[in-house]
$ cat protein.cif   # mmCIF, C-alpha atoms
data_upload
loop_
_atom_site.label_atom_id
_atom_site.label_comp_id
_atom_site.auth_asym_id
_atom_site.auth_seq_id
_atom_site.Cartn_x
_atom_site.Cartn_y
_atom_site.Cartn_z
CA MET A 1112 52.11 21.96 -34.40
CA ILE A 1113 48.82 20.18 -35.15
CA SER A 1114 50.61 17.13 -36.52
CA LEU A 1115 52.76 16.96 -33.37
CA TYR A 1116 49.63 17.10 -31.20
CA LEU A 1117 48.00 14.28 -33.17
CA LEU A 1118 51.16 12.23 -32.90
CA LEU A 1119 51.15 12.61 -29.14
CA LEU A 1120 47.49 11.50 -28.98
CA LEU A 1121 48.15 8.45 -31.10
CA SER A 1122 51.18 7.46 -29.07
CA THR A 1123 49.26 7.56 -25.79
CA THR A 1124 48.82 4.08 -24.33
CA CYS A 1125 45.74 3.05 -22.38
CA THR A 1126 46.27 1.18 -19.13
CA SER A 1127 43.66 -1.34 -17.99
CA TYR A 1128 42.66 -2.45 -14.52
CA THR A 1129 44.74 -5.45 -13.47
CA TRP A 1130 43.56 -8.03 -10.97
CA VAL A 1131 44.11 -11.69 -10.31
CA GLN A 1132 41.24 -13.89 -11.42
CA GLY A 1133 40.63 -17.22 -9.76
CA PRO A 1134 42.01 -18.55 -6.45
CA THR A 1135 45.34 -17.21 -5.17
CA ASP A 1136 47.89 -17.90 -2.47
CA THR A 1137 48.01 -14.24 -1.47
CA PRO A 1138 45.10 -11.93 -0.55
CA THR A 1139 45.26 -9.79 -3.69
CA LEU A 1140 42.67 -7.06 -4.12
CA CYS A 1141 39.37 -7.58 -5.90
CA PRO A 1142 37.54 -5.01 -8.04
CA GLY A 1143 34.49 -3.25 -6.60
CA LEU A 1144 33.40 -2.37 -3.11
CA TYR A 1145 31.93 -5.70 -2.03
CA CYS A 1146 33.75 -8.45 -3.94
CA GLY A 1147 35.99 -10.43 -1.63
CA ARG A 1148 38.11 -13.53 -1.23
CA THR A 1149 37.36 -16.19 1.35
CA ASP A 1150 40.32 -17.29 3.44
CA ARG A 1151 40.14 -21.08 3.39
CA GLY A 1152 43.00 -21.49 5.84
CA GLU A 1153 46.59 -22.72 5.62
CA GLY A 1154 47.06 -26.10 4.03
CA TRP A 1155 43.67 -25.99 2.33
CA GLY A 1156 45.10 -27.27 -0.94
CA LEU A 1157 46.69 -30.28 0.74
CA GLU A 1158 43.52 -31.21 2.62
CA SER A 1159 41.29 -30.97 -0.46
CA ASN A 1160 43.82 -32.49 -2.88
CA THR A 1161 43.68 -29.50 -5.19
CA THR A 1162 46.12 -26.94 -6.52
CA ASP A 1163 43.80 -24.03 -5.77
CA GLY A 1164 45.26 -21.30 -3.60
CA ARG A 1165 44.40 -20.46 -0.03
CA TYR A 1166 42.16 -17.56 -1.02
CA SER A 1167 39.11 -18.13 -3.19
CA GLU A 1168 38.28 -16.28 -6.38
CA CYS A 1169 36.65 -12.86 -6.13
CA GLY A 1170 32.95 -13.06 -5.38
CA PRO A 1171 30.32 -12.36 -2.74
CA CYS A 1172 31.21 -13.06 0.88
CA GLN A 1173 29.18 -15.58 2.86
CA ARG A 1174 26.22 -14.33 4.89
CA GLY A 1175 27.55 -12.73 8.04
CA TRP A 1176 30.87 -11.83 6.37
CA ARG A 1177 31.89 -8.75 4.41
CA VAL A 1178 34.77 -6.65 3.07
CA TYR A 1179 35.21 -3.58 5.24
CA ASN A 1180 38.04 -1.69 3.50
CA PRO A 1181 38.18 -2.71 -0.19
CA SER A 1182 41.08 -0.36 -0.98
CA LYS A 1183 43.38 -2.15 1.49
CA SER A 1184 42.09 -5.71 1.83
CA SER A 1185 39.57 -7.84 -0.05
CA VAL A 1186 39.55 -10.70 2.44
CA CYS A 1187 36.05 -11.42 3.78
CA GLN A 1188 35.86 -10.75 7.52
CA LYS A 1189 33.33 -12.26 9.89
CA CYS A 1190 30.84 -9.80 11.37
CA GLN A 1191 31.01 -10.18 15.15
CA ASP A 1192 30.54 -6.59 16.30
CA PRO A 1193 27.53 -5.80 18.49
CA PRO A 1194 25.10 -3.33 16.92
CA GLU A 1195 25.55 0.32 17.78
CA LEU A 1196 22.87 2.27 19.64
CA TYR A 1197 21.69 3.76 16.34
CA ASP A 1198 21.17 0.24 14.92
CA TRP A 1199 19.16 -0.90 17.97
CA LEU A 1200 17.02 2.23 17.71
CA TYR A 1201 16.46 1.50 14.02
CA LEU A 1202 15.18 -1.99 14.83
CA GLY A 1203 13.06 -0.46 17.60
CA PHE A 1204 11.64 2.00 15.07
CA ILE A 1205 10.55 -0.91 12.83
CA VAL A 1206 8.83 -2.61 15.78
CA LEU A 1207 7.16 0.60 17.02
CA PHE A 1208 5.97 1.55 13.55
CA THR A 1209 4.38 -1.88 13.08
CA LEU A 1210 2.68 -1.69 16.48
CA LEU A 1211 1.35 1.80 15.80
CA ALA A 1212 0.02 0.66 12.42
CA HIS A 1213 -1.94 -2.09 14.20
CA TRP A 1214 -3.28 0.31 16.84
CA VAL A 1215 -4.31 2.92 14.28
CA ALA A 1216 -6.07 0.23 12.23
CA VAL A 1217 -7.96 -0.99 15.31
CA ASP A 1218 -8.96 2.55 16.32
CA PHE A 1219 -9.94 3.53 12.79
CA THR A 1220 -12.12 0.47 12.21
CA ALA A 1221 -13.70 0.56 15.70
CA LYS A 1222 -14.78 4.21 15.17
CA SER A 1223 -15.01 4.91 18.88
CA ARG A 1224 -13.86 8.05 20.68
CA ARG A 1225 -13.28 6.19 23.95
CA PHE A 1226 -11.18 3.25 25.07
CA THR A 1227 -13.66 0.45 25.59
CA LYS A 1228 -12.81 -2.95 27.02
CA GLU A 1229 -13.13 -4.55 23.59
CA ILE A 1230 -10.77 -2.05 21.94
CA LEU A 1231 -8.21 -2.41 24.74
CA ILE A 1232 -8.26 -6.20 24.32
CA LEU A 1233 -7.44 -5.85 20.62
CA HIS A 1234 -4.73 -3.28 21.42
CA THR A 1235 -3.24 -5.71 23.93
CA SER A 1236 -3.42 -8.49 21.36
CA ALA A 1237 -1.50 -6.37 18.84
CA LEU A 1238 1.10 -5.55 21.50
CA LEU A 1239 1.48 -9.25 22.32
CA GLU A 1240 1.76 -10.23 18.65
CA VAL A 1241 4.43 -7.64 17.88
CA GLY A 1242 6.33 -8.34 21.11
CA VAL A 1243 6.44 -12.10 20.53
CA SER A 1244 7.51 -11.57 16.91
CA ALA A 1245 10.31 -9.19 17.90
CA VAL A 1246 11.65 -11.54 20.60
CA SER A 1247 11.43 -14.55 18.27
CA THR A 1248 13.32 -12.70 15.54
CA LEU A 1249 16.05 -11.70 17.96
CA VAL A 1250 16.40 -15.19 19.41
CA ILE A 1251 16.79 -16.98 16.06
CA SER A 1252 19.42 -14.47 14.86
CA GLN A 1253 23.12 -15.01 15.46
CA PRO A 1254 24.21 -15.78 18.13
CA PHE A 1255 21.33 -18.26 18.15
CA GLY A 1256 19.25 -18.40 21.33
CA GLU A 1257 20.64 -15.24 22.89
CA PHE A 1258 19.25 -11.73 23.38
CA SER A 1259 22.13 -10.19 21.45
CA LEU A 1260 23.23 -9.72 17.86
CA HIS A 1261 26.34 -10.05 15.73
CA SER A 1262 26.22 -7.46 12.98
CA CYS A 1263 28.23 -5.97 10.15
CA ARG A 1264 29.07 -2.32 10.69
CA VAL A 1265 27.17 -0.02 8.30
CA SER A 1266 29.68 2.26 6.59
CA ARG A 1267 27.79 3.96 3.77
CA LEU A 1268 24.42 4.14 2.03
CA SER A 1269 25.62 1.81 -0.72
CA ASP A 1270 25.94 -1.00 1.84
CA TRP A 1271 22.17 -1.38 1.57
CA TYR A 1272 22.25 -1.62 -2.23
CA THR A 1273 25.10 -3.99 -3.14
CA LEU A 1274 23.02 -5.14 -6.13
CA LEU A 1275 23.78 -1.78 -7.77
CA HIS A 1276 27.54 -2.09 -7.25
CA ASN A 1277 28.51 -5.25 -9.13
CA PRO A 1278 31.77 -4.29 -10.90
CA THR A 1279 32.67 -4.88 -14.56
CA PRO A 1280 36.50 -4.79 -14.70
CA ASN A 1281 37.73 -3.34 -18.00
CA TYR A 1282 34.12 -3.49 -19.26
CA GLU A 1283 34.41 -7.25 -19.73
CA THR A 1284 32.80 -9.89 -17.51
CA LYS A 1285 30.59 -8.61 -14.70
CA LEU A 1286 31.31 -9.90 -11.19
CA TYR A 1287 28.18 -10.58 -9.17
CA CYS A 1288 28.97 -9.74 -5.55
CA THR A 1289 25.47 -8.98 -4.25
CA GLN A 1290 25.28 -9.76 -0.53
CA GLU A 1291 23.86 -8.49 2.76
CA ALA A 1292 26.60 -6.05 3.72
CA VAL A 1293 24.42 -4.67 6.54
CA TYR A 1294 23.84 -8.11 8.09
CA PRO A 1295 21.42 -8.72 9.75
CA LEU A 1296 19.54 -5.42 9.52
CA TYR A 1297 18.11 -6.15 6.08
CA THR A 1298 16.81 -9.72 6.34
CA MET A 1299 15.92 -9.38 10.01
CA VAL A 1300 13.13 -6.94 9.21
CA PHE A 1301 11.58 -9.34 6.68
CA ILE A 1302 11.70 -12.14 9.26
CA PHE A 1303 10.01 -9.87 11.81
CA TYR A 1304 7.23 -8.96 9.37
CA SER A 1305 6.68 -12.65 8.61
CA PHE A 1306 6.44 -13.55 12.30
CA SER A 1307 4.11 -10.59 12.94
CA LEU A 1308 1.79 -11.64 10.15
CA LEU A 1309 1.77 -15.25 11.33
CA SER A 1310 1.13 -14.37 14.98
CA MET A 1311 -1.69 -11.99 13.99
CA LEU A 1312 -3.40 -14.71 11.93
CA LEU A 1313 -3.10 -17.16 14.84
CA ILE A 1314 -4.28 -14.87 17.66
CA ARG A 1315 -6.34 -11.95 16.39
CA PRO A 1316 -9.24 -13.58 14.47
CA PHE A 1317 -10.58 -15.33 17.57
CA LEU A 1318 -10.40 -12.19 19.73
CA ALA A 1319 -11.80 -9.94 17.00
CA SER A 1320 -14.81 -12.19 16.36
CA LYS A 1321 -15.58 -12.45 20.06
CA PHE A 1322 -15.02 -8.90 21.34
CA LEU A 1323 -15.47 -6.73 18.24
CA PRO A 1324 -17.46 -8.72 15.67
CA GLY A 1325 -17.68 -7.20 12.22
CA LYS A 1326 -15.42 -4.20 12.86
CA GLY A 1327 -12.54 -6.17 14.36
CA ARG A 1328 -11.89 -8.16 11.22
CA ASN A 1329 -11.41 -4.95 9.24
CA ALA A 1330 -8.26 -4.26 11.26
CA ILE A 1331 -6.96 -7.68 10.20
CA TYR A 1332 -7.73 -6.90 6.56
CA ALA A 1333 -5.86 -3.61 6.92
CA ALA A 1334 -2.80 -5.47 8.24
CA LEU A 1335 -2.94 -7.85 5.29
CA TYR A 1336 -2.53 -4.77 3.10
CA PHE A 1337 0.09 -2.81 5.04
CA PHE A 1338 2.48 -5.72 5.74
CA PRO A 1339 3.27 -6.29 2.04
CA ILE A 1340 3.56 -2.53 1.57
CA PHE A 1341 5.98 -2.26 4.51
CA ALA A 1342 8.04 -5.15 3.13
CA LEU A 1343 8.19 -3.54 -0.33
CA ILE A 1344 9.22 -0.18 1.11
CA HIS A 1345 11.92 -1.83 3.21
CA GLY A 1346 13.22 -3.81 0.25
CA VAL A 1347 13.51 -0.73 -1.96
CA LEU A 1348 14.13 2.13 0.50
CA GLY A 1349 15.68 0.33 3.47
CA GLY A 1350 18.92 2.32 3.33
CA VAL A 1351 17.16 5.66 2.94
CA ILE A 1352 14.91 4.88 5.91
CA TYR A 1353 17.90 3.74 7.98
CA TYR A 1354 19.60 7.11 7.60
CA SER A 1355 16.45 9.23 7.92
CA TYR A 1356 14.25 7.43 10.46
CA PRO A 1357 15.06 9.81 13.39
CA TYR A 1358 13.77 12.75 11.36
CA ILE A 1359 10.79 10.74 10.13
CA ILE A 1360 9.83 10.06 13.75
CA ILE A 1361 10.18 13.68 14.84
CA LEU A 1362 8.30 15.14 11.87
CA SER A 1363 5.51 12.54 11.97
CA SER A 1364 5.01 13.02 15.73
CA ILE A 1365 4.71 16.80 15.30
CA VAL A 1366 2.37 16.59 12.30
CA SER A 1367 0.15 13.89 13.83
CA CYS A 1368 -0.03 15.82 17.12
CA ALA A 1369 -1.20 18.92 15.25
CA ALA A 1370 -3.70 16.83 13.26
CA HIS A 1371 -5.05 15.32 16.49
CA TYR A 1372 -5.78 18.77 17.90
CA ALA A 1373 -7.09 20.09 14.58
CA PHE A 1374 -10.01 17.62 14.67
CA LYS A 1375 -11.31 19.18 17.89
CA LEU A 1376 -14.43 21.26 17.33
CA ASP A 1377 -13.66 23.65 20.19
CA GLN A 1378 -10.31 25.28 19.45
CA SER A 1379 -10.20 27.48 22.55
CA VAL A 1380 -7.14 27.27 24.81
CA LYS A 1381 -9.21 26.13 27.80
CA SER A 1382 -10.96 23.35 25.90
CA LEU A 1383 -7.77 22.01 24.32
CA LEU A 1384 -5.98 21.96 27.68
CA LEU A 1385 -8.83 20.32 29.57
CA THR A 1386 -9.49 17.62 26.95
CA SER A 1387 -5.78 16.84 26.81
CA VAL A 1388 -5.67 16.15 30.55
CA MET A 1389 -9.16 15.03 31.54
CA ASP A 1390 -9.94 12.73 28.60
CA THR A 1391 -8.06 9.44 29.02
CA ARG A 1392 -7.88 8.69 25.31
CA ASN A 1393 -6.55 12.15 24.46
CA LEU A 1394 -4.01 11.95 27.27
CA VAL A 1395 -2.71 8.58 26.05
CA ILE A 1396 -2.45 9.86 22.48
CA LEU A 1397 -0.63 13.00 23.64
CA LEU A 1398 1.83 11.01 25.78
CA GLY A 1399 2.39 8.68 22.83
CA HIS A 1400 3.31 11.62 20.61
CA TRP A 1401 5.69 12.92 23.25
CA GLY A 1402 7.28 9.48 23.60
CA LEU A 1403 7.84 9.26 19.84
CA HIS A 1404 9.32 12.76 19.79
CA ALA A 1405 11.71 11.84 22.61
CA TYR A 1406 12.64 8.63 20.78
CA GLY A 1407 13.49 10.65 17.68
CA ILE A 1408 15.68 13.04 19.67
CA VAL A 1409 17.58 10.11 21.22
CA ALA A 1410 18.07 8.60 17.74
CA VAL A 1411 19.35 11.88 16.27
CA THR A 1412 21.78 12.63 19.10
CA GLU A 1413 22.63 9.01 20.06
CA LEU A 1414 23.20 10.52 23.53
CA LYS A 1415 26.84 11.22 22.70
CA GLU A 1416 26.83 14.12 25.18
CA LEU A 1417 24.58 12.65 27.82
CA SER A 1418 23.74 15.69 29.95
CA LEU A 1419 23.17 18.01 26.99
CA HIS A 1420 21.18 15.59 24.87
CA LEU A 1421 18.97 14.38 27.71
CA SER A 1422 18.07 17.99 28.44
CA LEU A 1423 16.70 18.27 24.87
CA ILE A 1424 13.95 15.83 25.83
CA GLY A 1425 12.52 18.63 27.95
CA LEU A 1426 11.59 20.39 24.69
CA VAL A 1427 9.20 17.57 23.73
CA PRO A 1428 5.95 19.29 24.98
CA ILE A 1429 6.68 22.53 23.06
CA PRO A 1430 4.90 21.61 19.75
CA ALA A 1431 1.68 20.71 21.60
CA LEU A 1432 1.82 23.85 23.75
CA PHE A 1433 2.57 25.96 20.69
CA TYR A 1434 -0.53 24.63 18.91
CA ILE A 1435 -2.77 25.15 21.95
CA LEU A 1436 -1.60 28.75 22.47
CA THR A 1437 -1.79 29.77 18.79
CA ALA A 1438 -4.83 27.79 17.59
CA ARG A 1439 -7.19 30.73 18.10
CA PHE A 1440 -5.21 32.83 15.61
CA THR A 1441 -5.88 30.30 12.84
CA ASP A 1442 -9.49 29.44 13.71
CA PRO A 1443 -11.43 29.54 10.38
CA ALA A 1444 -14.49 31.07 12.10
CA ARG A 1445 -12.36 33.89 13.47
CA ILE A 1446 -10.75 34.51 10.07
CA ASN A 1447 -14.10 34.51 8.26
CA GLY A 1448 -15.51 36.93 10.82
CA ALA A 1449 -12.61 39.30 10.31
CA ASN A 1450 -13.10 39.19 6.54
CA GLU A 1451 -16.81 40.01 6.88
CA LEU A 1452 -16.06 43.01 9.10
CA SER A 1453 -13.56 44.34 6.61
#

$ encode --input "protein.cif" --output "structure tokens"
Amino acid sequence: MISLYLLLLLSTTCTSYTWVQGPTDTPTLCPGLYCGRTDRGEGWGLESNTTDGRYSECGPCQRGWRVYNPSKSSVCQKCQDPPELYDWLYLGFIVLFTLLAHWVAVDFTAKSRRFTKEILILHTSALLEVGVSAVSTLVISQPFGEFSLHSCRVSRLSDWYTLLHNPTPNYETKLYCTQEAVYPLYTMVFIFYSFSLLSMLLIRPFLASKFLPGKGRNAIYAALYFFPIFALIHGVLGGVIYYSYPYIIILSSIVSCAAHYAFKLDQSVKSLLLTSVMDTRNLVILLGHWGLHAYGIVAVTELKELSLHLSLIGLVPIPALFYILTARFTDPARINGANELS
């Protein structure tokens, strides 16, 4: 019985992956998720005086092209679809996050609890810099000179990391098919960061030295640090951020709102309510948190059921109200007093 089993094992034949290497006349499949063949058109061999087939060898598609369904077709297809709402909101998240980083840096370095004319000028400068950079990035993208985009549809998380999916058929020669399968969502962010950095260096130093000398330049130094960090994070974790940014927005807006209230010395309900409404700076910060929270809800739901999902925006003030109404129960002075009595 054992000898029969060994005989069966030895007689088993191993089958290898078969694929056509080099150019072909038919669109045969390529190995991997992102390797494709470029259709060079009918009569290509006659025009170029070569015997190569109509379809190129397996390799990376050109920028702005990709393979959508590798199990059925490996022909590179041009990306001409408009971005979905989720994609536009992702790009908006990148722009908003950059703007908020500038504003926080200005506020932190100015160390003022009120909106002065000088601080508002620097805030306006940051808004102008980011706005011009965003518009410039959009205009130079395809289609060139228009306020629209042609994009490749994002299908899976691996689309952001094609470098990790270069196939090695039959464990022989590796095919390098690294490309921007999420065109133009990956490179577009780097271009935006470059434009933002350039516009800041052209506009901000003059305004900072005139209206906020000494402190204003610290906000510029902060940007020189966080722009490379943002670029590194996008390069490494771009796909993770793409799929999680709605939840990042919602959680960060809730946590930062609670932190904003926690720094108030008077934690009574009356004081928290009055300072939220009567103090202009606090009111702007509170409305900003609510706006971010609403943005996150829109990104999560994508407004697929318009009436239902728009009604969820009415829940935006609840975290702030919850903190105001329950802050007295977690006041350290109250807790310490209760411990002393016991």

$ resolve_selection --input "protein.cif" --expression "the PyMOL selection byres ((chain A and resi 1349-1356) around 10)" --output "ChimeraX atom specification"
/A:1197-1198,1200-1202,1204-1205,1265,1267-1272,1293,1296-1297,1300,1342-1348,1357-1362,1407,1410-1411

$ atom_distance --input "protein.cif" --atom1 "atom CA of Gly1175 of chain A" --atom2 "atom CA of Tyr1304 of chain A"
20.7 Å

$ atom_distance --input "protein.cif" --atom1 "atom CA of Ser1422 of chain A" --atom2 "atom CA of Ser1387 of chain A"
23.9 Å

$ atom_distance --input "protein.cif" --atom1 "atom CA of Leu1313 of chain A" --atom2 "atom CA of Gln1253 of chain A"
26.3 Å

$ residues_around --input "protein.cif" --residues "Gln1173 of chain A" --least-positions-apart "2" --cutoff "9 Å" --atoms "only C-alpha atoms" --output "list in words"
Thr1149, Pro1171, Gly1175, Trp1176, Arg1177, Cys1187, Lys1189, Gln1290 and Glu1291 of chain A

$ residues_around --input "protein.cif" --residues "Ile1424 of chain A" --least-positions-apart "2" --cutoff "10 Å" --atoms "all atoms listed in the file" --output "ChimeraX atom specification"
/A:1401-1402,1404-1409,1419-1422,1426-1428

$ residues_around --input "protein.cif" --residues "Trp1214 of chain A" --least-positions-apart "6" --cutoff "9 Å" --atoms "only C-alpha atoms" --output "list in words"
Leu1233, His1234, Ala1237, Leu1238 and Ala1330 of chain A

$ residues_around --input "protein.cif" --residues "Val1395 of chain A" --least-positions-apart "6" --cutoff "12 Å" --atoms "all atoms listed in the file" --output "NGL selection string"
:A and (1225-1226 or 1368 or 1371 or 1386-1389 or 1401-1402)

$ closest_residue --input "protein.cif" --among "A:Tyr1128, A:Phe1433, A:Phe1322, A:Tyr1282" --to "Ile1230 of chain A" --atoms "all atoms listed in the file"
A:Phe1322

$ closest_residue --input "protein.cif" --among "A:Phe1374, A:Arg1174, A:Ser1305, A:His1400" --to "Ala1438 of chain A" --atoms "only C-alpha atoms"
A:Phe1374

$ residues_near_point --input "protein.cif" --point "(27.7, -4.7, 18.3)" --cutoff "8 Å" --atoms "only C-alpha atoms" --output "CSV table (one decimal) with C-alpha atoms, in the frame of the given file"
chain,number,residue,atom,x,y,z
A,1191,GLN,CA,31.0,-10.2,15.2
A,1192,ASP,CA,30.5,-6.6,16.3
A,1193,PRO,CA,27.5,-5.8,18.5
A,1194,PRO,CA,25.1,-3.3,16.9
A,1195,GLU,CA,25.6,0.3,17.8
A,1260,LEU,CA,23.2,-9.7,17.9
A,1261,HIS,CA,26.3,-10.0,15.7
A,1262,SER,CA,26.2,-7.5,13.0

$ closest_residue --input "protein.cif" --among "A:Asn1329, A:Thr1284, A:Thr1135, A:Thr1129" --to "Asp1218 of chain A" --atoms "all atoms listed in the file"
A:Asn1329

$ closest_residue --input "protein.cif" --among "A:Ser1310, A:Glu1257, A:Cys1288, A:Tyr1294" --to "Val1243 of chain A" --atoms "only C-alpha atoms"
A:Ser1310

$ resolve_selection --input "protein.cif" --expression "the PyMOL selection byres ((chain A and resi 1151) around 8)" --output "PDB file with C-alpha atoms, in the coordinates of the input"
ATOM      1  CA  THR A1149      37.360 -16.190   1.350  1.00  0.00           C
ATOM      2  CA  ASP A1150      40.320 -17.290   3.440  1.00  0.00           C
ATOM      3  CA  GLY A1152      43.000 -21.490   5.840  1.00  0.00           C
ATOM      4  CA  GLU A1153      46.590 -22.720   5.620  1.00  0.00           C
ATOM      5  CA  TRP A1155      43.670 -25.990   2.330  1.00  0.00           C
ATOM      6  CA  ARG A1165      44.400 -20.460  -0.030  1.00  0.00           C
ATOM      7  CA  TYR A1166      42.160 -17.560  -1.020  1.00  0.00           C
ATOM      8  CA  SER A1167      39.110 -18.130  -3.190  1.00  0.00           C
TER       9      SER A1167
END

$ closest_residue --input "protein.cif" --among "A:Ile1232, A:Asp1163, A:Leu1275, A:Ser1259" --to "Gly1143 of chain A" --atoms "all atoms listed in the file"
A:Leu1275

$ build_atoms --input "protein.cif" --residues "segment 1409-1422 of chain A" --atoms "N, CA, C and O atoms" --output "CSV table (one decimal), in the frame of the given file"
chain,number,residue,atom,x,y,z
A,1409,VAL,N,16.5,11.1,20.8
A,1409,VAL,CA,17.6,10.1,21.2
A,1409,VAL,C,18.3,9.5,20.0
A,1409,VAL,O,19.5,9.3,20.0
A,1410,ALA,N,17.5,9.2,19.0
A,1410,ALA,CA,18.1,8.6,17.7
A,1410,ALA,C,19.0,9.6,17.0
A,1410,ALA,O,20.0,9.2,16.4
A,1411,VAL,N,18.6,10.9,17.0
A,1411,VAL,CA,19.4,11.9,16.3
A,1411,VAL,C,20.7,12.1,17.0
A,1411,VAL,O,21.7,12.2,16.4
A,1412,THR,N,20.6,12.3,18.3
A,1412,THR,CA,21.8,12.6,19.1
A,1412,THR,C,22.6,11.4,19.5
A,1412,THR,O,23.8,11.6,19.7
A,1413,GLU,N,22.0,10.2,19.6
A,1413,GLU,CA,22.6,9.0,20.1
A,1413,GLU,C,23.2,9.2,21.5
A,1413,GLU,O,24.1,8.4,21.9
A,1414,LEU,N,22.8,10.2,22.1
A,1414,LEU,CA,23.2,10.5,23.5
A,1414,LEU,C,24.7,10.6,23.7
A,1414,LEU,O,25.3,10.1,24.6
A,1415,LYS,N,25.4,11.2,22.7
A,1415,LYS,CA,26.8,11.2,22.7
A,1415,LYS,C,27.3,12.2,23.8
A,1415,LYS,O,28.4,12.0,24.4
A,1416,GLU,N,26.6,13.2,24.0
A,1416,GLU,CA,26.8,14.1,25.2
A,1416,GLU,C,25.6,14.0,26.1
A,1416,GLU,O,24.6,14.7,25.9
A,1417,LEU,N,25.7,13.1,27.1
A,1417,LEU,CA,24.6,12.6,27.8
A,1417,LEU,C,23.8,13.8,28.5
A,1417,LEU,O,22.6,13.9,28.3
A,1418,SER,N,24.5,14.6,29.2
A,1418,SER,CA,23.7,15.7,30.0
A,1418,SER,C,23.1,16.7,29.0
A,1418,SER,O,21.9,17.1,29.2
A,1419,LEU,N,23.7,17.0,27.9
A,1419,LEU,CA,23.2,18.0,27.0
A,1419,LEU,C,22.0,17.4,26.2
A,1419,LEU,O,20.9,18.0,26.1
A,1420,HIS,N,22.2,16.2,25.7
A,1420,HIS,CA,21.2,15.6,24.9
A,1420,HIS,C,20.0,15.1,25.7
A,1420,HIS,O,18.8,15.2,25.1
A,1421,LEU,N,20.1,14.7,26.9
A,1421,LEU,CA,19.0,14.4,27.7
A,1421,LEU,C,18.1,15.6,28.0
A,1421,LEU,O,16.9,15.5,28.2
A,1422,SER,N,18.8,16.8,28.2
A,1422,SER,CA,18.1,18.0,28.4
A,1422,SER,C,17.2,18.4,27.3
A,1422,SER,O,16.2,19.1,27.4
